[in-house]
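What follows is a set of notes on a single structure, which appears directly below.
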Amino acid sequence: MPTRNWGMLRSRPKTTSIFRSEVMSLIQLYIPSDVARFTVSQLGEMGLVQFRDLNSEVSAFQRSFVNDVRRFDEIERKLRYLHKQIEANDVDIYEFLDEEFVSSARGPRDIDDMEERVGAHESRVLKLTAAYKNLQLKHLELIENKYVLEEVSSLFTEISGRQGAAAGASGGRGLAGHGRGQDAAPLLARADTSSRRSIGSLDAARAGDLDMEIGAVGRDINVGFIAGVISRQRIAALERVLWRSLRGNMFLNYVDIEDPISDPNLEEPVYKSAFIVFAHGASLRDRATKIAESLGATLYSVDSSAERRQEDLIDTMSRLDDLQQILENNRVARINELTSVSEQINTWFAVVRKEKAVYHTLNLFNYDANRNSLIAEGWCATNDIPAIQSALHLATEDAGSNVPTVLQELRTTKEPPTFIRTNKFTDGFQNIVDAYGVPKAGEVNPGLFTCITFPFLFALMFGDLGHGFLMTLCAALLCAFEKRLAWLAKDESLRMFYTGRYIILLMGIFSMFTGLLYNDIFSRAMSIFSSGWAWPADHGGEGVTVEATKLDHVYPIGIDPAWHHAGNSLLFTNSYKMKMSIVLGVIHMTLGICLQVPNALHFKKRINIVHVFVPQIIFLFSIFGYLVFAIIFKWSTDWYARDASGELTHVSPPSLLNMLIYMFLSPGSVDDSEKMFRGQAALQTFLLLLALVCVPWMLLVKPLILRKEHQKIISEGYGRISSHVRVSSEGDGLGGAVVVSEQEEMEEDDFDFADIMINQTIHTIEFCLNSISNTASYLRLWALSLAHAQLSEVLWTMTFLPTLKMGGRLQPVAVMCGFAVWFVLTFSILIGMEGLSAFLHALRLHWVEFNNKFYDGTGTKFEPFSFKAVLEEAEEA
């Protein structure tokens, strides 16, 4: 079945912007039961509707489609088992997806066929895996039995050889009459080689306990024994327990098995040891058997006859060879089966997760049994309603039904979720805003302005042409190869850099721009144009201070490079960047206050314009707007200009900090040495009085006006009416679901003047105090810029510059090493750590100093039902 182009269905009749959220509509769908699954599937492919839960009072186990959800849970469990087996057997998984099957409308027969195929594959894999495990257990048993037979035969051969040597040395005397003699115990006690270790002795046994004959090895010792294998880590515990339990009347011999043994019950191979224990009497042997089994040993029956042991060993080796071939055949069969599964498992996972999400969504709907239909409610963008109607029509065609789904838009007073359309460029900036708070529906979205102001404020703190170029280069590579590097989004530590690649790109570009203005490239000056200062030819020697001569032109762009070599460059750049921070900070805060106006117009609260915005902007401009004016006036005035007679036309440049302090401490008076222009004292007094008037204006006027309007409404006999729409399944005699409009009269005490007054008082105090603290907070632009420039200069001076001043044949090597150290430290400290610091400070300036001037951020994010989101969430899990 051909797939559809969902991009065609998403066409919007109106243009949209991220200045505000989309206009949302509450829609209601009447869906015939035989079309419901196709309808939800089509809407899930588009991801345009956020459904409401109309069964919130019903538990998840009592909903209509809970059996269908369980069915797909079971299929998903089978797929997870198959996926686990594929990974355990190192089978490659095909990334291929059958788009035709995944994206098209799937009928019940298609789902049944898929379920049958998955079940058949699981059944075959289960059988093969169980058989393989049983064969492995048998293989383990044979391997251990082989080692035990080899160890017992080796031990008996060694004992027999030593018995023969002892018999020859004693002149043919038997050992039967020497149970307490000096030869028997040493014989067994010395049974130790480089690969075999033993413990214990039969020296304490009674005379009648031993009956050793020179002859057949299988009848050498008239003492019972047990043999088996045990984990190498527990052999020491076995030695101690046996010795103490049998009171030394035992002989233990063991050898470490060099190759690890694969145990199917354990994940990793285990190193084991083969052991044999000699003990007299059935009771002691039974006790030794129980002790060994309690410590996890596996015991094997070994015949005392050498001929029989040899036959058993040959038989075991033959069975091992046969079993190895059977294991290999089983492994090949499992690999072939899992390979066929791996070709379709991703497709099946996608389909199962989609179908399960469909039935989860259907459980949110009301079911009208009489009309055999489902009733759904959800939010969508008003501009997307035509696309949704097209999807409903396609779903009806896919289901082969003649009864269409009915869509109607409901009127409601409920606050809709916030939906802001973003692309891969604006998505990162919108995430910065959403981390502070999601905008309310219709509220001005700070994300639009953040796209420019955030990288710009970052660049003011990070300004360096060289560092900005390296950052831009890294971000440009991420953007150019974003499809190839999409795997970075799956890594938790690298996801931030990938999703914010366009933020980093703009931060780098703006840093290059501010670095050009600061005339900084890796802390070095750039002499692109001729300097506006000239140094005297005779410097006067070391330690002599000379002054540069000002020429008749100025450096056209940014700071003159002559300042980088001056002794008072730090004083100049500090003053320049400090004042620049104040100017840009006041402009940034002014923008935030001005955005109250479109908010007030949209929510039809014009009282906020006259009695909130106007006094706030007057208060800010009366104090800090005047400070910005004074900074620009001081910059634009030549304080060292002379008249025709050679006298200075101005007094020394005034201190703006002292001016602002004495504006409050001694209003109406300005010292002659601090005066900038005529009428300054009167202007400062007027501005101070204007700021004082704004405080009661912000504090009292709005609450009093609201109280007056409320009393007028009450006196005229009107109450505040609010209505909301709900869906009721209790209809007429036909049992149909109907839309019911309810009206509830609000109680008169909803208007609380005390609450309004307290709220307004808090906002007024907060604004007045924050105007001072927020303005001072923008000084971080100056502080971090200074720290970045100084740290960059220190790195250059201490790592790379000394190698350039070296002499001799080793200078090229030293230059290369110095450059490597300088570049690594520059990239890790100045770009990595300093960049992160500047990012966090820019984030704070937006969240605190900018957003709190106009932004509530109390909305709820629009989260539509989307198969794309479902699959992404499943992959992350």
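Identifiers for the structure tokens are assigned positionally: chains receive A, B, ... in sequence, residues are indexed from 1 per chain, and ligands are indexed from 1 in the order shown.
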
**Q.** Residue neighbourhood Asp434 in chain A, 10 Å, only C-alpha atoms, exclusion window fewer than 2 positions, as a list in words
**A.** Gly428, Phe429, Gln430, Asn431, Ile432, Tyr436, Gly437, Val438, Pro439, Asn445, Pro446, Gly447, Gly857, Gly859, Thr860 and Lys861 of chain A

Q: Check range 349-557 of chain A with DSSP on the backbone and list each residue it calls strand (DSSP E), as a list of chain:residue names.
A: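 Written out, the strand (DSSP E) residues of range 349-557 of chain A are A:Asn366, A:Tyr367, A:Asp368, A:Ser373, A:Leu374, A:Ile375, A:Ala376, A:Glu377, A:Gly378, A:Trp379, A:Cys380, A:Ala381, A:Val406, A:Leu407, A:Gln408, A:Glu409, A:Leu410, A:Trp533, A:Ala534, A:Thr549, A:Lys550.
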
Contacts of Arg70 in chain A within 12 Å, only C-alpha atoms, excl. fewer than 3 positions in-chain, as a PDB file with C-alpha atoms, in the first residue's frame:
ATOM      1  CA  ALA A  60      -6.503   1.768  33.681  1.00  0.00           C
ATOM      2  CA  PHE A  61      -7.666  -1.847  34.149  1.00  0.00           C
ATOM      3  CA  ARG A  63     -11.057   0.808  30.267  1.00  0.00           C
ATOM      4  CA  SER A  64     -12.463  -0.448  27.014  1.00  0.00           C
ATOM      5  CA  PHE A  65      -9.286  -1.393  25.165  1.00  0.00           C
ATOM      6  CA  VAL A  66      -7.204  -2.766  28.008  1.00  0.00           C
ATOM      7  CA  ASN A  67      -7.151  -6.264  26.434  1.00  0.00           C
ATOM      8  CA  ASP A  73       2.451  -5.756  25.518  1.00  0.00           C
ATOM      9  CA  GLU A  74       2.825  -9.494  25.077  1.00  0.00           C
ATOM     10  CA  ILE A  75       4.039  -9.092  21.489  1.00  0.00           C
ATOM     11  CA  GLU A  76       6.528  -6.470  22.633  1.00  0.00           C
ATOM     12  CA  ARG A  77       7.753  -8.838  25.355  1.00  0.00           C
ATOM     13  CA  VAL A 352       3.870  -2.740  17.918  1.00  0.00           C
ATOM     14  CA  GLU A 355      -0.415   0.073  17.777  1.00  0.00           C
ATOM     15  CA  LYS A 356      -0.050   0.045  21.548  1.00  0.00           C
ATOM     16  CA  ALA A 357      -0.010   3.859  21.556  1.00  0.00           C
ATOM     17  CA  TYR A 359      -5.056   1.720  21.971  1.00  0.00           C
ATOM     18  CA  HIS A 360      -3.711   3.758  24.876  1.00  0.00           C
TER      19      HIS A 360
END

(Q) I'd like to know which of A:Met798, A:Ser33, A:Gln85, A:Lys579 is closest to Pro404 in chain A, using only C-alpha atoms. (A)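 Of A:Met798, A:Ser33, A:Gln85, A:Lys579, the one nearest Pro404 in chain A is A:Ser33, counting only C-alpha atoms.
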
Q.
Env of Tyr81 in chain A: 12 Å cut, atoms = only C-alpha atoms, seq-sep filter 3 positions within chain, self excluded. Answer as JSON, numbers by chain.
A. {"A": [74, 75, 76, 77, 78, 84, 85, 86, 87, 88, 118, 119, 121, 122, 123, 125, 126, 129, 338, 341, 345, 349]}

Q: Using backbone DSSP assignments, extract all helix (DSSP H, G or I) residues from range 270-439 of chain A; output them as a ChimeraX atom specification.
A: /A:282-294,306-342,345-362,382-399,426-436

Q: Identify, on the basis of only C-alpha atoms, every residue whose closest approach to Val612 in chain A does not exceed 7 Å; exclude the query and any residue fewer than 4 positions from it along the same chain; express the result as a PyMOL selection string.
A: chain A and resi 608+616+698

How would the residues just chosen look if you wrote them out with N, CA and C atoms as a PDB file, in the first residue's frame?
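What landed in selection29.pdb:
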ATOM      1  N   ASN A 608      -3.048  47.837  32.470  1.00  0.00           N
ATOM      2  CA  ASN A 608      -1.643  47.521  32.701  1.00  0.00           C
ATOM      3  C   ASN A 608      -0.715  48.434  31.904  1.00  0.00           C
ATOM      4  N   GLN A 616       6.533  52.278  35.299  1.00  0.00           N
ATOM      5  CA  GLN A 616       7.782  51.509  35.355  1.00  0.00           C
ATOM      6  C   GLN A 616       8.819  52.081  34.399  1.00  0.00           C
ATOM      7  N   MET A 698       2.464  53.126  40.834  1.00  0.00           N
ATOM      8  CA  MET A 698       2.471  51.679  40.623  1.00  0.00           C
ATOM      9  C   MET A 698       1.783  50.937  41.760  1.00  0.00           C
TER      10      MET A 698
END

Q. Which residues come within 12 Å of Leu688 in chain A, counting only C-alpha atoms, excluding same-chain residues fewer than 3 positions away, as a list in words?
A.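 Counting only C-alpha atoms, the residues come to Ile618, Phe619, Leu620, Phe621, Ser622, Ile623, Phe624, Gly625, Tyr626, Leu660, Ile661, Tyr662, Met663, Phe664, Leu665, Ser666, Pro667, Gly668, Ala681, Ala682, Leu683, Gln684, Thr685, Ala691, Leu692, Val693, Cys694 and Val695 of chain A.
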
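Near Val351 in chain A, within a cut-off of 9 Å and counting only C-alpha atoms, sit the residues Phe101, Val102, Ser103, Ile111, Asn346 and Lys356 of chain A, with same-chain residues fewer than 5 positions away left out.
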
**Q.** Selected residue, from A:Ser652, A:Ser373, A:Ser262, A:Asn759, that lies nearest to Leu699 in chain A when counting only C-alpha atoms
**A.** A:Asn759

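Here CA of Gly508 in chain A and CA of Ala475 in chain A stand 8.0 Å from one another.
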
Q.
Would you compute the distance between CA of Thr422 in chain A and CA of Gly442 in chain A? Give it in Å to one decimal.
A. 15.9 Å

Q) Looking at A:Arg678, A:Lys577, A:Lys272, A:His588, which one is nearest to Phe449 in chain A, with distances taken over only C-alpha atoms? A) A:His588
